[in-house]
Amino acid sequence: MAVIVLSNREPYAPTLQADGRVRWTPSIGGLTAALDPVMQRDGGTWIAWGEKHPQITAVDLPPGQPRYRVERLALSAEEVRLHYHGFANGALWPMSHYFLERAQYRAEEWAAYRQVNERFAAAALRQYRPGDLLWVHDYQLALVPGLLRRHLPEARIGFFWHIPWASQDVFRTLPWDREVLEGLLGADLVGMHTPAYARHFLDACERTLGAEVGNGTVKVGARTVRVEARPIGIEVQEFEQLAAAPDITARAQRLRDNLRTLMLLCVDRLDYTKGIPERLEAFRSFLERHPTARGRVTLVQIAVPSRQEVGAYLKLRQQVEGLVGQINGQFSRDGWTPVHYVYRGLDREDLVAHYRAADAMLVTPLRDGLNLVAKEFAASSRDGVLLLSRFAGAAGEMPGAIEVNPYDVDGLAESLLRALRMPLEEKKARLERLRASLRSSDLKTWTAAFLRDLAGPDALPEELVSLGARPLLIMCDYDGTLAPIARVPRDADPQPGALEALARLLHHPAHRAAIVTGRRSVQVYGFLPLPDLYVVGLHGMEWPETSPPAPERLVIESLARQFPAAPGLRIEDKRWTVAVHYRNVAPERHAELERQLDRVVVPPGWEVIPGKLVREFRPAGYGKGQAVRTLMAAFPGRLPVYLGDDFTDEEAFEAVNALGGVSVKVGAGPTAAYSRLTSPASVVALLTAWGHHA
Ligand code: GDG
């Protein structure tokens with residue numbers, strides 16, 4: 001199985017050297033960083049527009065040790081003008097960013113857009129072998145999934161939309177709204193950056209197409225398309241390491257020394273969505289209102305040239321440069337220039353040195369799909385403050401940032417003051433919170449999870465599927481088995497299809513189903529509201545008909561006093577037991593933390609159970625093994641099956657094995673279970689298969 005990626009931008013761009021040889025440089029931006037490592041590991045094909053030197057039609061990459069192939073499509077000047085600058089960047093881009101007054105809908109450009117999408121699809125069809133995964137990216141290629149689906153009814157096709165999906169009132173201004181939606185619905189999995197974009201998309205499918213829409217799904221004939229919020233991450237560790245490297249630290253220090261003032265940093269493609277003029281106005285207002293800041297604060301604007309062929313971008317450049325000139329003209333004095341304006345991209349090291357040098361980073365787009373710069377700064381800075389627009393997709397997942405409204409010039413100026421006056425301790429605490437959230441879902445996880453979910457459940461072993469013919473007592477863990485592991489427990493929604501599969505099994509007179517979990521049972525009923533489902537909570541302490549023993553609060557309080565503190569560490573008080581979660585703590589601190597947890601004094605009659613990056617302190621004598629034995633005694637005459645993923649499930653596997661039942665481990669790692677499945681998706685597929693047995 002290979003991956004075929006389709007994107008407008010190619011992962012490496014060619015430059016012709018003096019000796020006539022071609023040098024390939026990685027393209028700036030998240031997509032190359034996200035997918036190049038996977039392609040280098042697994043091989044495959046990347047299909048993209050070969051912008052420079054179009055005579056080179058294909059290339060094996062990376063240079064020196066090729067592992068995958070890039071098919072370079074040469075677009076004609078006309079196609080570039082009408083498809084790329086025209087429909088993609090003159091219609092879809094402004095519309096999706098709510099700039100309707102800039103959106104131009106022209107039939108001729110739409111026709112070119114369709115034609116270029118057909119060319120991309122044709123190139124993919126030439127490469128495709130059964131079993132391959134096709135992953136199409138972004139708004140330039142919205143029709144490709146539909147075009148591929150016509151020829152490949154069985155193929156697995158994914159799509160990721162990297163920009164905002166506008167609300168229905170805005171989206172439906174597009175004269176070809178149906179066609180764009182139908183194109184995207186050729187995919188099996190459509191990814192967006194935020195839940196709001198996913199909702200808007202589902203809304204459009206329902207209202208424009210009249211499609212049957214469920215919770216994150218759209219019915220298209222016999223197919224079900226999944227629509228999910230999956231915000232892209234960054235390579236957190238690489239940014240942290242780069243930022244800590246001695247030469248970058250020295251470079252950052254030089255930047256500060258040369259400036260001799262506080263530094264406000266802004267890094268954007270020069271695009272009207274990024275709110276650059278509004279931000280400069282806010283800085284002007286700040287200098288006007290706070291004369292003492294003059295000579296003490298400098299704004300450094302890195303503006304990366306972008307889409308210079310489009311008239312609107314040229315105008316924006318003139319506007320920005322005019323404003324920079326005005327502000328500098330108005331306030332410069334004694335060798336201090338308030339705005340340093342750089343109209344070019346920096347190399348990565350230089351970029352990170354700027355992130356490290358900055359006292360505050362201003363990310364103030366008027367609208368942005370996500371914004372990677374905000375995340376990169378949070379991973380690189382040691383003592384800076386992030387000001388982040390509420391209109392960036394990333395705002396919902398960056399808890400340590402100061403949220404700003406870019407339209408509120410005076411408010412923005414005040415937030416600047418607050419950032420510059422923030423005590424060091426608070427700055428550090430905010431950065432730690434930001435990093436913990438970045439680490440919980442980095443770029444590699446994002447890519448791997450998308451591809452894994454696109455690939456779908458693995459082929460189910462026949463010996464497991466055939467069990468469905470017998471009366472079963474099905475016992476399942478919840479987190480990691482019926483639901484993907486979530487960053488915070490309340491977000492652990494069940495795997496799509498889990499509820500339906502369990503409902504069907506419970507409807508069957510022969511089968512019984514129980515959940516055996518470390519959670520409180522009410523939480524599981526919240527996720528799986530099924531009255532006939534038998535939920536055993538708190539690792540066997542909590543049973544449906546009997547209330548658990550009185551909680552020993554004094555013990556819990558004495559334990560809690562001994563727990564270490566660390567950024568990202570979360571104590572979950574379950575009233576009867578207490579769990580320490582360190583999933584969101586920096587990995588390099590895990591060993592030390594585990595040593596500290598080993599030293600916690602556990603009172604007699606209590607025990608500690610290690611789980612996946614969690615330790616649970618609870619009264620002894622309970623456990624999933626015991627729970628399984630009790631369940632088997634309560635529901636005799638059925639074949640017991642236990643499915644689980646965690647260390648705490650091992651004793652349940654042993655209990656089931658001892659009584660001739662079937663044990664199934666979900667995921668990798670050593671286990672006492674007899675069978676294995678790879679993910680919650682496979683578990684749901686198995687439960688579904690059992691439910692369909694006559
Ligand atoms: C689109 C969506 C979404 C920038 N300047 C330099 C430089 N960069 C790199 C940054 C970052 C990337 O470019 C910019 O990414 P953003 O996310 O900020 O913005 P867009 O280009 O508009 O990206 C956006 C993204 O797709 C991903 O889905 O987040 O909302 O609009 O990685 O580091 N890199 C270097 N020098 C620079 O001067 N080396």
# chains A, B, ... in the order shown; residues from 1 in each chain; ligands from 1
>>> residues_around(residues="range 99-109 of chain A", least_positions_apart="3", cutoff="7 Å", atoms="only C-alpha atoms", output="list in words")
Leu82, His83, Gly86, Phe87, Gly90, Ala91, Pro94, Met95, Ala112 and Tyr113 of chain A
>>> write_last_selection(atoms="N, CA, C and O atoms", output="compact mmCIF listing (two decimals), in the first residue's frame")
# COMPACT_ATOMS: atom_id res chain seq x y z
N LEU A 82 -5.99 31.60 -14.67
CA LEU A 82 -7.43 31.41 -14.42
C LEU A 82 -7.71 30.48 -13.24
O LEU A 82 -8.62 30.71 -12.46
N HIS A 83 -6.95 29.40 -13.13
CA HIS A 83 -7.21 28.44 -12.05
C HIS A 83 -6.62 28.94 -10.74
O HIS A 83 -7.32 29.08 -9.74
N GLY A 86 -6.92 32.97 -10.44
CA GLY A 86 -8.33 33.27 -10.67
C GLY A 86 -9.23 32.60 -9.65
O GLY A 86 -9.48 33.14 -8.56
N PHE A 87 -9.71 31.40 -9.97
CA PHE A 87 -10.75 30.81 -9.12
C PHE A 87 -10.26 30.49 -7.71
O PHE A 87 -10.94 30.77 -6.73
N GLY A 90 -8.81 34.05 -6.22
CA GLY A 90 -9.66 35.23 -6.42
C GLY A 90 -11.11 34.97 -6.02
O GLY A 90 -11.89 35.90 -5.89
N ALA A 91 -11.48 33.69 -5.88
CA ALA A 91 -12.86 33.37 -5.51
C ALA A 91 -12.90 32.57 -4.21
O ALA A 91 -13.38 33.04 -3.18
N PRO A 94 -10.83 34.35 -0.94
CA PRO A 94 -11.52 35.44 -0.23
C PRO A 94 -12.87 35.02 0.33
O PRO A 94 -13.22 35.39 1.46
N MET A 95 -13.64 34.23 -0.42
CA MET A 95 -14.96 33.83 0.09
C MET A 95 -14.80 33.06 1.39
O MET A 95 -15.48 33.35 2.39
N ALA A 112 -11.57 26.77 -15.89
CA ALA A 112 -10.14 26.43 -15.80
C ALA A 112 -9.86 25.63 -14.52
O ALA A 112 -9.04 24.70 -14.51
N TYR A 113 -10.54 26.01 -13.46
CA TYR A 113 -10.38 25.30 -12.18
C TYR A 113 -10.76 23.84 -12.37
O TYR A 113 -10.04 22.93 -11.96
>>> residues_around(residues="range 575-582 of chain A", least_positions_apart="5", cutoff="8 Å", atoms="only C-alpha atoms", output="ChimeraX atom specification")
/A:538,550-553,556,568-570,590,613-619
>>> write_last_selection(atoms="N, CA, C and O atoms", output="PDB file, in the first residue's frame")
ATOM      1  N   LEU A 538     -15.188   2.505  37.913  1.00  0.00           N
ATOM      2  CA  LEU A 538     -14.119   2.592  38.926  1.00  0.00           C
ATOM      3  C   LEU A 538     -13.367   1.265  39.100  1.00  0.00           C
ATOM      4  O   LEU A 538     -13.139   0.811  40.213  1.00  0.00           O
ATOM      5  N   ALA A 550     -18.622   3.609  50.838  1.00  0.00           N
ATOM      6  CA  ALA A 550     -18.424   5.032  51.135  1.00  0.00           C
ATOM      7  C   ALA A 550     -17.013   5.458  50.725  1.00  0.00           C
ATOM      8  O   ALA A 550     -16.057   4.741  50.997  1.00  0.00           O
ATOM      9  N   PRO A 551     -16.902   6.574  50.054  1.00  0.00           N
ATOM     10  CA  PRO A 551     -15.571   7.001  49.622  1.00  0.00           C
ATOM     11  C   PRO A 551     -14.685   7.385  50.809  1.00  0.00           C
ATOM     12  O   PRO A 551     -15.157   8.008  51.758  1.00  0.00           O
ATOM     13  N   GLU A 552     -13.437   7.014  50.746  1.00  0.00           N
ATOM     14  CA  GLU A 552     -12.512   7.338  51.842  1.00  0.00           C
ATOM     15  C   GLU A 552     -11.824   8.660  51.505  1.00  0.00           C
ATOM     16  O   GLU A 552     -10.699   8.690  51.023  1.00  0.00           O
ATOM     17  N   ARG A 553     -12.538   9.740  51.775  1.00  0.00           N
ATOM     18  CA  ARG A 553     -12.054  11.048  51.344  1.00  0.00           C
ATOM     19  C   ARG A 553     -10.756  11.454  52.033  1.00  0.00           C
ATOM     20  O   ARG A 553      -9.916  12.114  51.438  1.00  0.00           O
ATOM     21  N   ILE A 556      -7.861  10.074  50.214  1.00  0.00           N
ATOM     22  CA  ILE A 556      -7.640  10.768  48.930  1.00  0.00           C
ATOM     23  C   ILE A 556      -6.978  12.118  49.171  1.00  0.00           C
ATOM     24  O   ILE A 556      -6.037  12.504  48.477  1.00  0.00           O
ATOM     25  N   GLY A 568       1.087  20.650  33.001  1.00  0.00           N
ATOM     26  CA  GLY A 568       0.422  19.618  32.188  1.00  0.00           C
ATOM     27  C   GLY A 568      -0.088  18.461  33.027  1.00  0.00           C
ATOM     28  O   GLY A 568      -0.898  17.669  32.562  1.00  0.00           O
ATOM     29  N   LEU A 569       0.375  18.357  34.274  1.00  0.00           N
ATOM     30  CA  LEU A 569      -0.064  17.249  35.140  1.00  0.00           C
ATOM     31  C   LEU A 569      -1.515  17.498  35.569  1.00  0.00           C
ATOM     32  O   LEU A 569      -1.870  18.610  35.902  1.00  0.00           O
ATOM     33  N   ARG A 570      -2.337  16.443  35.524  1.00  0.00           N
ATOM     34  CA  ARG A 570      -3.737  16.633  35.893  1.00  0.00           C
ATOM     35  C   ARG A 570      -4.132  15.588  36.925  1.00  0.00           C
ATOM     36  O   ARG A 570      -3.879  14.400  36.743  1.00  0.00           O
ATOM     37  N   HIS A 590       8.931  12.750  32.279  1.00  0.00           N
ATOM     38  CA  HIS A 590       8.173  11.575  32.736  1.00  0.00           C
ATOM     39  C   HIS A 590       8.927  10.739  33.767  1.00  0.00           C
ATOM     40  O   HIS A 590       8.371  10.339  34.787  1.00  0.00           O
ATOM     41  N   LEU A 613       0.355   6.386  30.885  1.00  0.00           N
ATOM     42  CA  LEU A 613       0.667   7.747  31.331  1.00  0.00           C
ATOM     43  C   LEU A 613      -0.333   8.231  32.388  1.00  0.00           C
ATOM     44  O   LEU A 613      -0.757   9.388  32.387  1.00  0.00           O
ATOM     45  N   VAL A 614      -0.732   7.319  33.246  1.00  0.00           N
ATOM     46  CA  VAL A 614      -1.626   7.656  34.341  1.00  0.00           C
ATOM     47  C   VAL A 614      -1.351   6.661  35.461  1.00  0.00           C
ATOM     48  O   VAL A 614      -0.938   5.524  35.215  1.00  0.00           O
ATOM     49  N   ARG A 615      -1.494   7.129  36.722  1.00  0.00           N
ATOM     50  CA  ARG A 615      -1.464   6.195  37.846  1.00  0.00           C
ATOM     51  C   ARG A 615      -2.737   6.382  38.628  1.00  0.00           C
ATOM     52  O   ARG A 615      -3.119   7.523  38.919  1.00  0.00           O
ATOM     53  N   GLU A 616      -3.332   5.267  38.971  1.00  0.00           N
ATOM     54  CA  GLU A 616      -4.591   5.352  39.695  1.00  0.00           C
ATOM     55  C   GLU A 616      -4.367   4.827  41.109  1.00  0.00           C
ATOM     56  O   GLU A 616      -3.836   3.726  41.301  1.00  0.00           O
ATOM     57  N   PHE A 617      -4.750   5.612  42.104  1.00  0.00           N
ATOM     58  CA  PHE A 617      -4.660   5.218  43.509  1.00  0.00           C
ATOM     59  C   PHE A 617      -6.062   4.823  43.944  1.00  0.00           C
ATOM     60  O   PHE A 617      -6.995   5.617  43.800  1.00  0.00           O
ATOM     61  N   ARG A 618      -6.221   3.588  44.463  1.00  0.00           N
ATOM     62  CA  ARG A 618      -7.584   3.134  44.760  1.00  0.00           C
ATOM     63  C   ARG A 618      -7.583   2.090  45.876  1.00  0.00           C
ATOM     64  O   ARG A 618      -6.544   1.472  46.155  1.00  0.00           O
ATOM     65  N   PRO A 619      -8.734   1.846  46.499  1.00  0.00           N
ATOM     66  CA  PRO A 619      -8.814   0.806  47.506  1.00  0.00           C
ATOM     67  C   PRO A 619      -8.450  -0.541  46.883  1.00  0.00           C
ATOM     68  O   PRO A 619      -8.831  -0.820  45.733  1.00  0.00           O
TER      69      PRO A 619
END
>>> closest_atom_pairs(of="chain A", to="ligand 1", cutoff="6 Å", atoms="only C-alpha atoms and all ligand atoms", output="tab-separated table")
residue	atom	partner	partner_atom_place_in_ligand_line	distance
A:Ile28	CA	ligand 1	34 (N)	5.2
A:Gly29	CA	ligand 1	12 (C)	4.1
A:Gly30	CA	ligand 1	32 (O)	4.8
A:His162	CA	ligand 1	28 (O)	4.1
A:Ile163	CA	ligand 1	2 (C)	5.0
A:Val267	CA	ligand 1	5 (N)	5.7
A:Asp268	CA	ligand 1	4 (C)	5.7
A:Val304	CA	ligand 1	5 (N)	5.7
A:Gly345	CA	ligand 1	38 (O)	3.3
A:Leu346	CA	ligand 1	38 (O)	3.7
A:Asp347	CA	ligand 1	39 (N)	4.4
A:Arg348	CA	ligand 1	39 (N)	3.9
A:Leu351	CA	ligand 1	36 (N)	5.6
A:Asp368	CA	ligand 1	30 (O)	4.4
A:Gly369	CA	ligand 1	30 (O)	3.3
A:Leu370	CA	ligand 1	29 (O)	3.8
A:Asn371	CA	ligand 1	17 (O)	3.5
A:Leu372	CA	ligand 1	17 (O)	3.7
A:Val373	CA	ligand 1	18 (O)	4.5
>>> residues_around(residues="Lys612 in chain A", least_positions_apart="6", cutoff="9 Å", atoms="only C-alpha atoms", output="list in words")
His581, Arg583, Asp646 and Phe647 of chain A
>>> closest_residue(among="A:Ala357, A:Leu528, A:Ala681, A:Leu506", to="Ala243 in chain A", atoms="only C-alpha atoms")
A:Ala357
>>> residues_around(residues="Gln241 in chain A", least_positions_apart="5", cutoff="10 Å", atoms="only C-alpha atoms", output="number ranges by chain")
A: 236, 246, 248, 379-380
>>> select_by_dssp(residues="range 500-654 of chain A", states="strand (DSSP E or B)", output="MDAnalysis selection string")
chainID A and resid 512:516 534:537 542 570:573 578:581 606:611 614:619 639:644
>>> residues_around(residues="Asn117 in chain A", least_positions_apart="4", cutoff="9 Å", atoms="only C-alpha atoms", output="list in words")
Ala112, Tyr113, Ala121, Ala122, Gln140, Leu141, Ala142, Leu143, Val144 and Leu147 of chain A
>>> write_last_selection(atoms="N, CA, C and O atoms", output="PDB file, in the first residue's frame")
ATOM      1  N   ALA A 112     -11.572  26.770 -15.891  1.00  0.00           N
ATOM      2  CA  ALA A 112     -10.141  26.428 -15.798  1.00  0.00           C
ATOM      3  C   ALA A 112      -9.859  25.635 -14.522  1.00  0.00           C
ATOM      4  O   ALA A 112      -9.042  24.704 -14.512  1.00  0.00           O
ATOM      5  N   TYR A 113     -10.542  26.012 -13.461  1.00  0.00           N
ATOM      6  CA  TYR A 113     -10.379  25.302 -12.180  1.00  0.00           C
ATOM      7  C   TYR A 113     -10.759  23.838 -12.366  1.00  0.00           C
ATOM      8  O   TYR A 113     -10.044  22.929 -11.956  1.00  0.00           O
ATOM      9  N   ALA A 121      -6.498  14.794 -11.201  1.00  0.00           N
ATOM     10  CA  ALA A 121      -7.144  13.496 -10.984  1.00  0.00           C
ATOM     11  C   ALA A 121      -6.604  12.468 -11.978  1.00  0.00           C
ATOM     12  O   ALA A 121      -6.321  11.317 -11.609  1.00  0.00           O
ATOM     13  N   ALA A 122      -6.422  12.897 -13.233  1.00  0.00           N
ATOM     14  CA  ALA A 122      -5.929  11.958 -14.249  1.00  0.00           C
ATOM     15  C   ALA A 122      -4.531  11.463 -13.871  1.00  0.00           C
ATOM     16  O   ALA A 122      -4.207  10.272 -14.013  1.00  0.00           O
ATOM     17  N   GLN A 140      -7.411  24.415  -3.627  1.00  0.00           N
ATOM     18  CA  GLN A 140      -7.134  24.452  -5.067  1.00  0.00           C
ATOM     19  C   GLN A 140      -7.625  23.179  -5.763  1.00  0.00           C
ATOM     20  O   GLN A 140      -7.746  23.136  -6.980  1.00  0.00           O
ATOM     21  N   LEU A 141      -7.877  22.105  -4.987  1.00  0.00           N
ATOM     22  CA  LEU A 141      -8.164  20.794  -5.582  1.00  0.00           C
ATOM     23  C   LEU A 141      -9.471  20.186  -5.070  1.00  0.00           C
ATOM     24  O   LEU A 141      -9.590  18.972  -4.925  1.00  0.00           O
ATOM     25  N   ALA A 142     -10.464  21.027  -4.837  1.00  0.00           N
ATOM     26  CA  ALA A 142     -11.700  20.537  -4.193  1.00  0.00           C
ATOM     27  C   ALA A 142     -12.457  19.519  -5.038  1.00  0.00           C
ATOM     28  O   ALA A 142     -13.214  18.710  -4.505  1.00  0.00           O
ATOM     29  N   LEU A 143     -12.284  19.564  -6.366  1.00  0.00           N
ATOM     30  CA  LEU A 143     -13.084  18.654  -7.200  1.00  0.00           C
ATOM     31  C   LEU A 143     -12.423  17.293  -7.378  1.00  0.00           C
ATOM     32  O   LEU A 143     -13.041  16.356  -7.885  1.00  0.00           O
ATOM     33  N   VAL A 144     -11.157  17.196  -6.987  1.00  0.00           N
ATOM     34  CA  VAL A 144     -10.399  15.967  -7.267  1.00  0.00           C
ATOM     35  C   VAL A 144     -11.019  14.719  -6.630  1.00  0.00           C
ATOM     36  O   VAL A 144     -11.162  13.693  -7.297  1.00  0.00           O
ATOM     37  N   LEU A 147     -13.838  13.489  -8.771  1.00  0.00           N
ATOM     38  CA  LEU A 147     -13.381  12.984 -10.068  1.00  0.00           C
ATOM     39  C   LEU A 147     -12.743  11.603  -9.913  1.00  0.00           C
ATOM     40  O   LEU A 147     -12.931  10.718 -10.747  1.00  0.00           O
TER      41      LEU A 147
END
>>> closest_residue(among="A:Leu270, A:Gln115, A:Thr298, A:Arg512", to="Lys315 in chain A", atoms="only C-alpha atoms")
A:Leu270
>>> residues_around(residues="range 49-63 of chain A", least_positions_apart="4", cutoff="7 Å", atoms="only C-alpha atoms", output="ChimeraX atom specification")
/A:8-10,14,24,67-75
>>> residues_around(residues="Val38 in chain A", least_positions_apart="2", cutoff="10 Å", atoms="only C-alpha atoms", output="MDAnalysis selection string")
chainID A and resid 3 33:36 40:44 68 444 447:448 451
>>> write_last_selection(atoms="N, CA and C atoms", output="PDB file, in the first residue's frame")
ATOM      1  N   VAL A   3       1.072   5.684  -0.451  1.00  0.00           N
ATOM      2  CA  VAL A   3       0.282   6.903  -0.301  1.00  0.00           C
ATOM      3  C   VAL A   3       0.485   7.763  -1.545  1.00  0.00           C
ATOM      4  N   ALA A  33       6.391  19.823   5.720  1.00  0.00           N
ATOM      5  CA  ALA A  33       6.830  19.330   7.027  1.00  0.00           C
ATOM      6  C   ALA A  33       5.951  18.170   7.483  1.00  0.00           C
ATOM      7  N   ALA A  34       4.652  18.214   7.161  1.00  0.00           N
ATOM      8  CA  ALA A  34       3.728  17.181   7.629  1.00  0.00           C
ATOM      9  C   ALA A  34       3.918  15.875   6.881  1.00  0.00           C
ATOM     10  N   LEU A  35       4.082  15.971   5.574  1.00  0.00           N
ATOM     11  CA  LEU A  35       3.987  14.744   4.782  1.00  0.00           C
ATOM     12  C   LEU A  35       5.315  14.202   4.290  1.00  0.00           C
ATOM     13  N   ASP A  36       6.322  15.074   4.182  1.00  0.00           N
ATOM     14  CA  ASP A  36       7.604  14.595   3.663  1.00  0.00           C
ATOM     15  C   ASP A  36       8.169  13.430   4.496  1.00  0.00           C
ATOM     16  N   GLN A  40       8.988   9.862   2.971  1.00  0.00           N
ATOM     17  CA  GLN A  40      10.363   9.358   3.003  1.00  0.00           C
ATOM     18  C   GLN A  40      10.421   7.976   3.649  1.00  0.00           C
ATOM     19  N   ARG A  41       9.532   7.740   4.589  1.00  0.00           N
ATOM     20  CA  ARG A  41       9.561   6.447   5.265  1.00  0.00           C
ATOM     21  C   ARG A  41       8.888   5.365   4.416  1.00  0.00           C
ATOM     22  N   ASP A  42       7.702   5.695   3.873  1.00  0.00           N
ATOM     23  CA  ASP A  42       6.902   4.652   3.240  1.00  0.00           C
ATOM     24  C   ASP A  42       6.954   4.661   1.717  1.00  0.00           C
ATOM     25  N   GLY A  43       7.527   5.731   1.127  1.00  0.00           N
ATOM     26  CA  GLY A  43       7.512   5.825  -0.329  1.00  0.00           C
ATOM     27  C   GLY A  43       6.140   6.244  -0.820  1.00  0.00           C
ATOM     28  N   GLY A  44       6.003   6.346  -2.148  1.00  0.00           N
ATOM     29  CA  GLY A  44       4.713   6.753  -2.709  1.00  0.00           C
ATOM     30  C   GLY A  44       4.925   7.821  -3.764  1.00  0.00           C
ATOM     31  N   TYR A  68      10.659   8.636  -2.563  1.00  0.00           N
ATOM     32  CA  TYR A  68       9.359   8.777  -3.225  1.00  0.00           C
ATOM     33  C   TYR A  68       9.508   9.649  -4.470  1.00  0.00           C
ATOM     34  N   LYS A 444       3.448  14.792  13.619  1.00  0.00           N
ATOM     35  CA  LYS A 444       3.547  13.368  13.254  1.00  0.00           C
ATOM     36  C   LYS A 444       2.286  12.624  13.662  1.00  0.00           C
ATOM     37  N   THR A 447      -0.509  13.452  11.112  1.00  0.00           N
ATOM     38  CA  THR A 447      -0.396  12.747   9.831  1.00  0.00           C
ATOM     39  C   THR A 447      -0.724  11.268  10.010  1.00  0.00           C
ATOM     40  N   ALA A 448      -0.123  10.667  11.038  1.00  0.00           N
ATOM     41  CA  ALA A 448      -0.312   9.229  11.230  1.00  0.00           C
ATOM     42  C   ALA A 448      -1.783   8.923  11.498  1.00  0.00           C
ATOM     43  N   LEU A 451      -3.900   9.197   8.249  1.00  0.00           N
ATOM     44  CA  LEU A 451      -3.694   8.067   7.341  1.00  0.00           C
ATOM     45  C   LEU A 451      -4.270   6.781   7.932  1.00  0.00           C
TER      46      LEU A 451
END
>>> select_by_dssp(residues="range 351-595 of chain A", states="helix (DSSP H, G or I)", output="PyMOL selection string")
chain A and resi 351-357+372-380+393-397+409-421+424-439+443-455+462-469+489-491+498-507+521-527+538-540+553-562+587-595
>>> decode(residues="range 212-224 of chain A", atoms="N, CA, C and O atoms", output="compact mmCIF listing (two decimals), in the first residue's frame")
# COMPACT_ATOMS: atom_id res chain seq x y z
N GLU A 212 -28.37 13.76 3.68
CA GLU A 212 -28.67 13.28 5.04
C GLU A 212 -27.39 13.41 5.85
O GLU A 212 -26.37 12.80 5.54
N VAL A 213 -27.46 14.24 6.90
CA VAL A 213 -26.27 14.58 7.66
C VAL A 213 -26.42 14.08 9.09
O VAL A 213 -27.45 14.27 9.70
N GLY A 214 -25.39 13.40 9.60
CA GLY A 214 -25.44 12.93 10.99
C GLY A 214 -24.40 13.67 11.81
O GLY A 214 -23.93 14.75 11.42
N ASN A 215 -24.05 13.11 12.92
CA ASN A 215 -23.06 13.72 13.79
C ASN A 215 -21.67 13.47 13.19
O ASN A 215 -21.06 12.45 13.44
N GLY A 216 -21.21 14.40 12.34
CA GLY A 216 -19.90 14.21 11.70
C GLY A 216 -19.93 13.28 10.50
O GLY A 216 -18.88 12.79 10.08
N THR A 217 -21.10 13.08 9.92
CA THR A 217 -21.17 12.21 8.74
C THR A 217 -22.14 12.78 7.71
O THR A 217 -23.07 13.50 8.06
N VAL A 218 -21.89 12.44 6.44
CA VAL A 218 -22.82 12.78 5.36
C VAL A 218 -23.07 11.52 4.56
O VAL A 218 -22.11 10.82 4.19
N LYS A 219 -24.31 11.24 4.30
CA LYS A 219 -24.66 10.06 3.48
C LYS A 219 -24.62 10.47 2.01
O LYS A 219 -25.23 11.47 1.62
N VAL A 220 -23.86 9.71 1.22
CA VAL A 220 -23.82 9.96 -0.22
C VAL A 220 -24.11 8.63 -0.88
O VAL A 220 -23.22 7.78 -1.00
N GLY A 221 -25.33 8.41 -1.30
CA GLY A 221 -25.72 7.09 -1.83
C GLY A 221 -25.47 6.05 -0.75
O GLY A 221 -25.86 6.22 0.40
N ALA A 222 -24.72 5.00 -1.12
CA ALA A 222 -24.47 3.94 -0.14
C ALA A 222 -23.26 4.26 0.75
O ALA A 222 -22.98 3.54 1.69
N ARG A 223 -22.55 5.35 0.41
CA ARG A 223 -21.33 5.66 1.18
C ARG A 223 -21.64 6.62 2.32
O ARG A 223 -22.55 7.42 2.24
N THR A 224 -20.80 6.55 3.37
CA THR A 224 -20.89 7.54 4.44
C THR A 224 -19.56 8.29 4.48
O THR A 224 -18.51 7.68 4.62
